[in-house]
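Text of model04.cif (mmCIF, C-alpha atoms) as supplied:
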```
data_coords
#
loop_
_atom_site.label_atom_id
_atom_site.label_comp_id
_atom_site.auth_asym_id
_atom_site.auth_seq_id
_atom_site.Cartn_x
_atom_site.Cartn_y
_atom_site.Cartn_z
CA MET A 1 93.93 177.66 -22.93
CA ALA A 2 96.18 174.65 -23.34
CA MET A 3 96.86 173.54 -26.89
CA ASN A 4 96.42 169.93 -28.02
CA CYS A 5 99.55 169.21 -30.01
CA PHE A 6 100.02 165.84 -31.61
CA ALA A 7 103.35 164.12 -31.03
CA SER A 8 105.20 163.05 -34.13
CA ALA A 9 104.38 159.47 -35.10
CA ARG A 10 106.62 156.89 -33.50
CA GLU A 11 107.00 153.22 -34.08
CA SER A 12 104.71 151.08 -31.97
CA ALA A 13 104.79 147.54 -30.63
CA LYS A 14 101.63 145.39 -30.62
CA TYR A 15 100.91 142.21 -28.71
CA MET A 16 98.06 140.33 -27.05
CA ARG A 17 97.66 139.89 -23.31
CA ALA A 18 94.95 138.37 -21.10
CA LEU A 19 95.22 140.84 -18.21
CA GLN A 20 92.86 143.78 -18.49
CA PRO A 21 94.20 147.37 -18.32
CA ALA A 22 95.06 148.57 -14.84
CA HIS A 23 93.68 152.11 -14.94
CA TYR A 24 90.79 152.65 -17.33
CA LEU A 25 88.23 150.92 -19.57
CA LEU A 26 86.07 152.73 -22.13
CA LYS A 27 83.11 150.55 -23.12
CA ILE A 28 81.24 151.65 -26.26
CA GLU A 29 77.80 150.14 -26.92
CA SER A 30 77.38 151.28 -30.53
CA PHE A 31 80.56 152.10 -32.40
CA ASP A 32 78.55 152.76 -35.57
CA VAL A 33 76.73 155.62 -33.82
CA LEU A 34 80.00 156.95 -32.36
CA SER A 35 81.48 156.91 -35.87
CA THR A 36 79.28 159.87 -36.79
CA LEU A 37 81.63 161.96 -34.65
CA ASP A 38 85.09 163.09 -35.73
CA LYS A 39 86.37 162.78 -32.17
CA TYR A 40 85.11 161.37 -28.88
CA ASP A 41 86.69 162.31 -25.52
CA SER A 42 86.12 159.88 -22.67
CA GLY A 43 85.40 160.73 -19.08
CA VAL A 44 88.26 161.65 -16.76
CA PHE A 45 90.22 159.02 -14.85
CA GLU A 46 93.13 159.34 -12.43
CA ALA A 47 96.50 157.63 -12.58
CA GLY A 48 99.83 158.55 -11.02
CA GLY A 49 98.38 161.62 -9.32
CA TYR A 50 97.12 163.22 -12.56
CA LYS A 51 93.85 163.30 -14.50
CA TRP A 52 93.57 161.80 -17.98
CA ARG A 53 91.17 161.12 -20.84
CA LEU A 54 91.15 158.85 -23.86
CA SER A 55 90.65 160.71 -27.13
CA LEU A 56 89.18 158.46 -29.83
CA TYR A 57 88.92 159.30 -33.52
CA PRO A 58 86.53 156.62 -34.86
CA LYS A 59 87.25 157.39 -38.52
CA GLY A 60 90.90 158.28 -38.01
CA ASN A 61 92.68 161.54 -37.30
CA ASN A 62 93.34 162.91 -40.77
CA GLY A 63 95.44 165.73 -39.35
CA ASP A 64 97.90 163.20 -37.90
CA ASN A 65 98.17 160.82 -40.89
CA GLY A 66 95.50 158.52 -39.45
CA SER A 67 93.17 158.24 -42.43
CA GLY A 68 91.78 154.70 -42.74
CA TYR A 69 92.56 153.84 -39.13
CA VAL A 70 91.06 154.10 -35.66
CA SER A 71 93.16 156.78 -33.92
CA LEU A 72 93.51 156.62 -30.13
CA TYR A 73 95.32 159.06 -27.84
CA LEU A 74 96.00 159.63 -24.16
CA SER A 75 95.29 163.23 -23.10
CA ILE A 76 96.23 164.93 -19.83
CA GLU A 77 93.71 167.17 -18.08
CA GLU A 78 94.86 170.24 -16.16
CA PRO A 79 98.60 169.83 -16.84
CA PRO A 80 100.88 171.57 -14.31
CA PRO A 81 101.68 175.18 -15.34
CA THR A 82 105.45 174.77 -15.34
CA GLN A 83 106.05 171.04 -14.91
CA THR A 84 106.48 168.29 -17.49
CA VAL A 85 104.87 164.95 -16.69
CA HIS A 86 106.90 161.97 -17.93
CA VAL A 87 104.85 158.88 -18.67
CA ASN A 88 105.12 155.32 -19.87
CA TYR A 89 101.70 154.29 -21.16
CA LYS A 90 99.88 151.53 -23.03
CA LEU A 91 96.58 151.68 -24.94
CA PHE A 92 94.27 148.70 -25.47
CA VAL A 93 91.35 147.32 -27.40
CA HIS A 94 89.56 144.14 -26.32
CA ASN A 95 89.39 141.16 -28.65
CA LYS A 96 86.19 139.37 -27.72
CA LEU A 97 86.98 136.19 -29.63
CA GLN A 98 90.43 135.66 -28.14
CA LYS A 99 89.33 137.10 -24.77
CA LYS A 100 92.52 139.12 -24.74
CA TYR A 101 93.55 142.74 -25.12
CA LEU A 102 95.47 143.99 -28.11
CA THR A 103 98.13 146.10 -26.39
CA ILE A 104 99.88 148.95 -28.18
CA GLN A 105 102.83 150.91 -26.83
CA ASP A 106 105.82 152.80 -28.11
CA THR A 107 108.66 150.60 -29.29
CA ASP A 108 111.27 150.13 -26.54
CA GLU A 109 108.78 151.70 -24.09
CA GLU A 110 109.86 155.20 -25.02
CA ILE A 111 108.93 157.84 -22.44
CA SER A 112 106.30 160.42 -23.40
CA SER A 113 106.32 163.94 -21.97
CA PHE A 114 103.09 165.84 -21.28
CA ASN A 115 102.90 169.57 -20.54
CA ARG A 116 100.73 172.60 -21.31
CA SER A 117 101.94 172.77 -24.91
CA LYS A 118 101.79 169.02 -25.56
CA THR A 119 98.76 167.52 -23.86
CA GLN A 120 98.27 164.49 -26.06
CA HIS A 121 100.24 161.43 -27.13
CA GLY A 122 99.03 158.32 -28.87
CA PHE A 123 98.68 156.33 -32.04
CA PRO A 124 97.06 157.85 -35.15
CA ARG A 125 97.24 154.38 -36.74
CA PHE A 126 96.09 152.46 -33.70
CA LEU A 127 94.25 149.82 -35.75
CA SER A 128 93.12 149.83 -39.39
CA LEU A 129 89.38 150.38 -39.85
CA LYS A 130 89.26 147.42 -42.21
CA GLU A 131 90.64 145.09 -39.53
CA PHE A 132 88.65 146.69 -36.70
CA GLU A 133 85.25 146.63 -38.44
CA ASN A 134 85.58 143.03 -39.64
CA ARG A 135 83.59 141.21 -36.94
CA SER A 136 85.46 137.96 -37.59
CA ASN A 137 88.54 139.62 -36.08
CA GLY A 138 86.80 139.93 -32.71
CA TYR A 139 86.95 143.65 -31.91
CA LEU A 140 83.30 144.44 -32.73
CA ASP A 141 80.37 142.16 -31.91
CA GLU A 142 76.97 141.96 -33.62
CA LYS A 143 75.81 145.02 -31.65
CA HIS A 144 78.87 147.00 -32.71
CA SER A 145 80.07 147.22 -29.10
CA CYS A 146 83.77 147.41 -28.25
CA THR A 147 86.09 148.22 -25.35
CA PHE A 148 89.23 150.38 -25.25
CA GLY A 149 91.55 150.84 -22.29
CA ALA A 150 94.62 152.55 -20.86
CA GLU A 151 97.47 152.08 -18.43
CA VAL A 152 99.41 155.16 -17.34
CA PHE A 153 102.60 154.96 -15.30
CA VAL A 154 103.96 158.35 -14.23
CA ILE A 155 107.69 158.55 -13.59
CA GLN A 156 108.31 160.69 -10.53
CA PRO A 157 112.07 161.09 -9.88
CA ALA A 158 111.43 163.05 -6.68
CA LYS A 159 110.03 159.90 -5.08
CA MET A 160 112.82 157.66 -6.34
CA ARG A 161 115.06 155.95 -3.81
CA GLU A 162 118.63 155.88 -5.02
CA GLU A 163 121.31 153.43 -3.95
CA SER A 164 124.95 153.35 -4.94
CA PHE A 165 127.39 150.48 -4.49
CA THR A 166 130.89 151.88 -3.99
CA LEU A 167 134.23 150.26 -3.23
CA ILE A 168 136.56 152.24 -0.99
CA ARG A 169 140.12 151.17 -1.76
CA TYR A 170 143.04 151.53 0.61
CA PRO A 171 141.28 153.93 2.97
CA THR A 172 143.27 155.96 5.48
CA GLN A 173 143.37 154.82 9.11
CA ASN A 174 142.54 151.31 8.02
CA THR A 175 144.58 149.35 10.60
CA PHE A 176 143.06 148.36 13.94
CA THR A 177 145.14 146.75 16.68
CA PHE A 178 144.07 144.48 19.54
CA GLN A 179 146.61 143.96 22.33
CA ILE A 180 145.67 141.04 24.57
CA GLU A 181 147.24 141.10 28.07
CA ASN A 182 147.78 138.21 30.53
CA TRP A 183 147.95 135.74 27.67
CA SER A 184 149.13 132.86 29.81
CA LYS A 185 146.06 133.09 32.04
CA LEU A 186 143.44 133.01 29.31
CA GLY A 187 140.96 130.19 28.86
CA THR A 188 138.90 129.09 25.85
CA ASP A 189 136.47 132.03 25.71
CA PRO A 190 136.76 134.26 22.65
CA LEU A 191 138.08 137.80 23.00
CA SER A 192 137.11 140.73 20.85
CA LYS A 193 137.76 144.37 20.13
CA GLU A 194 135.06 146.49 18.50
CA PHE A 195 135.79 149.48 16.28
CA THR A 196 134.01 151.77 13.83
CA PHE A 197 135.14 151.91 10.22
CA GLU A 198 133.41 153.59 7.23
CA GLY A 199 130.17 154.02 9.14
CA ARG A 200 129.90 150.41 10.31
CA GLN A 201 130.68 148.56 13.51
CA TRP A 202 133.29 145.80 13.25
CA LYS A 203 134.79 143.27 15.61
CA LEU A 204 138.27 141.72 15.64
CA LEU A 205 137.68 138.30 17.15
CA VAL A 206 140.33 136.01 18.69
CA TYR A 207 139.96 132.49 20.11
CA PRO A 208 143.06 131.91 22.34
CA LYS A 209 142.61 128.12 22.36
CA GLY A 210 141.15 127.77 18.90
CA ASN A 211 137.67 127.48 17.41
CA ALA A 212 135.89 124.85 15.31
CA ALA A 213 138.50 122.81 13.39
CA GLY A 214 141.33 124.63 15.15
CA LYS A 215 140.10 124.01 18.68
CA GLY A 216 142.92 122.94 21.02
CA LYS A 217 145.65 123.22 18.37
CA SER A 218 145.47 126.61 16.67
CA LEU A 219 144.91 130.28 17.26
CA SER A 220 141.67 131.31 15.51
CA VAL A 221 141.30 134.88 14.24
CA TYR A 222 138.35 136.55 12.44
CA LEU A 223 137.04 139.89 11.25
CA GLU A 224 133.29 140.26 11.87
CA VAL A 225 130.91 142.99 10.71
CA GLN A 226 128.13 143.96 13.11
CA HIS A 227 124.43 144.78 12.83
CA LEU A 228 123.72 143.75 9.25
CA HIS A 229 120.05 143.60 8.34
CA GLU A 230 118.56 140.65 6.49
CA LYS A 231 119.80 140.39 2.88
CA MET A 232 122.36 143.18 3.40
CA LYS A 233 125.88 142.37 2.21
CA VAL A 234 129.29 144.00 2.67
CA TYR A 235 132.36 143.21 0.59
CA ALA A 236 135.77 143.39 2.28
CA GLU A 237 139.39 142.65 1.45
CA PHE A 238 141.68 142.61 4.48
CA ASN A 239 144.77 141.15 6.13
CA LEU A 240 144.74 139.56 9.57
CA ARG A 241 148.07 139.58 11.44
CA VAL A 242 149.66 138.32 14.62
CA LEU A 243 152.64 140.57 15.28
CA ASP A 244 156.16 139.34 16.00
CA GLN A 245 157.07 141.83 18.71
CA LEU A 246 160.81 141.02 18.54
CA LYS A 247 161.81 140.59 14.89
CA ASN A 248 158.79 141.94 13.03
CA ASN A 249 158.43 138.55 11.35
CA ASN A 250 154.65 138.75 11.52
CA LYS A 251 152.19 135.98 10.76
CA GLU A 252 149.86 137.43 8.13
CA LYS A 253 147.01 136.09 5.97
CA PRO A 254 144.94 137.91 3.31
CA PHE A 255 141.18 137.47 2.94
CA LYS A 256 138.43 138.66 0.61
CA SER A 257 134.77 137.91 1.19
CA TRP A 258 131.14 138.99 0.97
CA LEU A 259 129.86 139.30 4.54
CA SER A 260 126.17 138.98 5.37
CA ALA A 261 123.81 138.63 8.33
CA PRO A 262 123.89 134.79 8.18
CA CYS A 263 127.68 134.79 7.69
CA PRO A 264 129.12 138.04 9.13
CA ARG A 265 132.71 136.89 9.72
CA LYS A 266 135.72 135.79 7.75
CA GLY A 267 139.04 134.48 9.01
CA ASP A 268 140.81 131.23 9.80
CA ALA A 269 140.16 128.69 12.54
CA ASP A 270 143.74 127.45 11.90
CA PHE A 271 145.33 130.85 11.70
CA MET A 272 148.57 129.62 13.31
CA PRO A 273 149.61 126.69 15.56
CA LEU A 274 149.42 127.29 19.32
CA LYS A 275 152.86 125.70 19.65
CA ASP A 276 154.38 128.63 17.74
CA LEU A 277 152.90 131.04 20.27
CA GLU A 278 154.55 129.13 23.09
CA LYS A 279 158.04 129.61 21.63
CA SER A 280 159.33 132.82 23.19
CA ALA A 281 162.04 133.12 20.54
CA LYS A 282 159.40 133.70 17.88
CA GLY A 283 158.26 136.87 19.65
CA PHE A 284 154.52 136.49 19.18
CA VAL A 285 153.89 136.50 22.94
CA HIS A 286 156.05 139.09 24.67
CA ASP A 287 155.68 140.24 28.28
CA ASP A 288 152.63 137.94 28.39
CA ALA A 289 150.88 139.93 25.70
CA LEU A 290 149.74 139.01 22.17
CA VAL A 291 149.13 141.68 19.53
CA VAL A 292 146.67 141.04 16.70
CA ASP A 293 145.59 143.53 14.05
CA VAL A 294 143.51 143.84 10.90
CA GLN A 295 144.32 145.98 7.89
CA ILE A 296 141.27 146.64 5.71
CA ARG A 297 142.34 147.20 2.09
CA VAL A 298 138.95 147.39 0.34
CA VAL A 299 135.42 147.73 1.68
CA SER A 300 132.04 148.35 0.06
CA LYS A 301 129.87 151.24 1.09
CA LEU A 302 126.19 151.93 0.31
#
```

Can the structure in the file be given as structure tokens, please?
Amino acid sequence: MAMNCFASARESAKYMRALQPAHYLLKIESFDVLSTLDKYDSGVFEAGGYKWRLSLYPKGNNGDNGSGYVSLYLSIEEPPPTQTVHVNYKLFVHNKLQKKYLTIQDTDEEISSFNRSKTQHGFPRFLSLKEFENRSNGYLDEKHSCTFGAEVFVIQPAKMREESFTLIRYPTQNTFTFQIENWSKLGTDPLSKEFTFEGRQWKLLVYPKGNAAGKGKSLSVYLEVQHLHEKMKVYAEFNLRVLDQLKNNNKEKPFKSWLSAPCPRKGDADFMPLKDLEKSAKGFVHDDALVVDVQIRVVSKL
């Protein structure tokens, strides 16, 4: 047989709220009659996949330092043989005058653990009998009726979804190159190279005749992440480069940005003037080919 062991008294927080308890209400028609009992156990209710009762001591639980108070506890029925049930709970009593519920919970919402050796947690000094029995305070009416309640939220780590935001810094194989042939024959359409990096699809995007503000005067270069769902974001720090194939005097620009589904790309519409590409001495276009690459320095990973 499971033992009912009282938890050591902990500090409690009390406040009023209008919303009634989510899981259980215990309505008592005649508290004066119930007071002839040392203890009253409510019917069973379910919450969080387990069965519970309210245990009410109308004259206080003397064995738990509750003399002079109404004592109220939450008790688990049929606790698992080897498992501990971790719970955040609140207990209530209705104030009929204020039309609100006096809500009592552990300070800082401390977690309570229920198992076969500790089946009961609660408040031996839930409310002083002097305050409770004074009808002008609103807890008892002229018929000595009152209402208690409970909310029980079971914490189940096995059902928890975990997410971790991680920054991968200076990953290996982080440079991706795009060699564009027949440069002199290209029109205004954008060109792209797709690649996979850290589990995501990316695209290195080049506009040979410019895009947006750079149209007709500049080479436009971007890095674009693919297939982001709504509200998903990826952080990236990277360098975009156009390679000088003769002197290694590359044109390079650094970027850092949060990329999202509405704004999946980052780069520069005015990455470099088209007139610099036309100068063969600069070496950017060699044998009618342009080489662009991206070096990803930092990227987030979920």

Fewer than 6 positions away in the same chain doesn't count, so skip those; otherwise give me all residues within 8 Å of range 211-227 of chain A, counting only C-alpha atoms, as a short mmCIF file (atom, residue, chain, number, x, y, z; two decimals) with C-alpha atoms, in the coordinates of the input.
```cif
data_model
loop_
_atom_site.label_atom_id
_atom_site.label_comp_id
_atom_site.auth_asym_id
_atom_site.auth_seq_id
_atom_site.Cartn_x
_atom_site.Cartn_y
_atom_site.Cartn_z
CA ARG A 200 129.90 150.41 10.31
CA GLN A 201 130.68 148.56 13.51
CA TRP A 202 133.29 145.80 13.25
CA LYS A 203 134.79 143.27 15.61
CA LEU A 204 138.27 141.72 15.64
CA LEU A 205 137.68 138.30 17.15
CA LEU A 240 144.74 139.56 9.57
CA LEU A 259 129.86 139.30 4.54
CA ALA A 261 123.81 138.63 8.33
CA PRO A 264 129.12 138.04 9.13
CA ARG A 265 132.71 136.89 9.72
CA LYS A 266 135.72 135.79 7.75
CA GLY A 267 139.04 134.48 9.01
CA ASP A 268 140.81 131.23 9.80
CA ALA A 269 140.16 128.69 12.54
CA ASP A 270 143.74 127.45 11.90
CA PHE A 271 145.33 130.85 11.70
CA MET A 272 148.57 129.62 13.31
CA PRO A 273 149.61 126.69 15.56
CA LEU A 274 149.42 127.29 19.32
CA LYS A 275 152.86 125.70 19.65
CA VAL A 294 143.51 143.84 10.90
#
```

Could you give me, as a tab-separated table (two decimals) with C-alpha atoms, in the frame of the given file, the residues that sit within 10 Å of (91.2, 137.9, -28.4) in the file's coordinates, counting all atoms listed in the file?
```tsv
chain	number	residue	atom	x	y	z
A	16	MET	CA	98.06	140.33	-27.05
A	17	ARG	CA	97.66	139.89	-23.31
A	18	ALA	CA	94.95	138.37	-21.10
A	93	VAL	CA	91.35	147.32	-27.40
A	94	HIS	CA	89.56	144.14	-26.32
A	95	ASN	CA	89.39	141.16	-28.65
A	96	LYS	CA	86.19	139.37	-27.72
A	97	LEU	CA	86.98	136.19	-29.63
A	98	GLN	CA	90.43	135.66	-28.14
A	99	LYS	CA	89.33	137.10	-24.77
A	100	LYS	CA	92.52	139.12	-24.74
A	101	TYR	CA	93.55	142.74	-25.12
A	102	LEU	CA	95.47	143.99	-28.11
A	137	ASN	CA	88.54	139.62	-36.08
A	138	GLY	CA	86.80	139.93	-32.71
A	139	TYR	CA	86.95	143.65	-31.91
```

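Interatomic distance, CA of Asn62 in chain A to CA of Leu34 in chain A: 16.9 Å.
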
TODO: May I have the residues at most 8 Å from (129.1, 139.9, -1.3) in the file's coordinates, counting all atoms listed in the file, as a count of residues only?
DONE: 7

Give as a PDB file with C-alpha atoms, keeping the file's coordinate frame the residues that the PyMOL selection byres ((chain A and resi 183) around 7) matches when applied to the coordinates above.
```
ATOM      1  CA  ILE A 180     145.670 141.040  24.570  1.00  0.00           C
ATOM      2  CA  GLU A 181     147.240 141.100  28.070  1.00  0.00           C
ATOM      3  CA  ASN A 182     147.780 138.210  30.530  1.00  0.00           C
ATOM      4  CA  SER A 184     149.130 132.860  29.810  1.00  0.00           C
ATOM      5  CA  LYS A 185     146.060 133.090  32.040  1.00  0.00           C
ATOM      6  CA  LEU A 186     143.440 133.010  29.310  1.00  0.00           C
ATOM      7  CA  ASP A 288     152.630 137.940  28.390  1.00  0.00           C
ATOM      8  CA  ALA A 289     150.880 139.930  25.700  1.00  0.00           C
ATOM      9  CA  LEU A 290     149.740 139.010  22.170  1.00  0.00           C
TER      10      LEU A 290
END
```

Task: the PyMOL selection byres ((chain A and resi 26) around 10) applied to the shown file, residues as a PyMOL selection string - done: chain A and resi 24-25+27-29+42-43+53-54+92-93+146-150

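Near Asn174 in chain A, within 8 Å and counting all atoms listed in the file, sit Phe197, Gln295, Ile296 and Arg297 of chain A; same-chain residues fewer than 5 positions away were not included.
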
Write a file of the just-selected residues containing C-alpha atoms, as a short mmCIF file (atom, residue, chain, number, x, y, z; two decimals), in the frame of the given file.
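Result written to out27.cif:
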```cif
data_model
loop_
_atom_site.label_atom_id
_atom_site.label_comp_id
_atom_site.auth_asym_id
_atom_site.auth_seq_id
_atom_site.Cartn_x
_atom_site.Cartn_y
_atom_site.Cartn_z
CA PHE A 197 135.14 151.91 10.22
CA GLN A 295 144.32 145.98 7.89
CA ILE A 296 141.27 146.64 5.71
CA ARG A 297 142.34 147.20 2.09
#
```

Task: Neighbour list for Asn115 in chain A as a PyMOL selection string, cut-off 10 Å, only C-alpha atoms, skip fewer than 5 positions in-chain - done: chain A and resi 2-4+76-86+120

Task: Atom-to-atom span, CA of Phe31 in chain A and CA of Leu140 in chain A, Å - done: 8.1 Å

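Atom pair CA of Ala22 in chain A / CA of Thr119 in chain A: separated by 21.3 Å.
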
Task: Selection: 9 Å around Ser35 in chain A, all atoms listed in the file, excl. self and same-chain fewer than 5 positions, as a VMD selection string - done: chain A and resid 30 57 to 59

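Using all atoms listed in the file, the shortest contact distance between His286 in chain A and any of A:Leu246, A:Lys90, A:Arg241, A:Lys231 is found at A:Leu246.
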
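Between Asp293 in chain A and the candidates A:Lys279, A:Glu194, A:Thr177, A:Pro262, the tightest atom-to-atom separation, counting only C-alpha atoms, involves A:Thr177.
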
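Those residues returned by the PyMOL selection byres ((chain A and resi 55) around 6) for this file are Tyr40, Asp41, Leu54, Leu56, Leu72 and Tyr73 of chain A.
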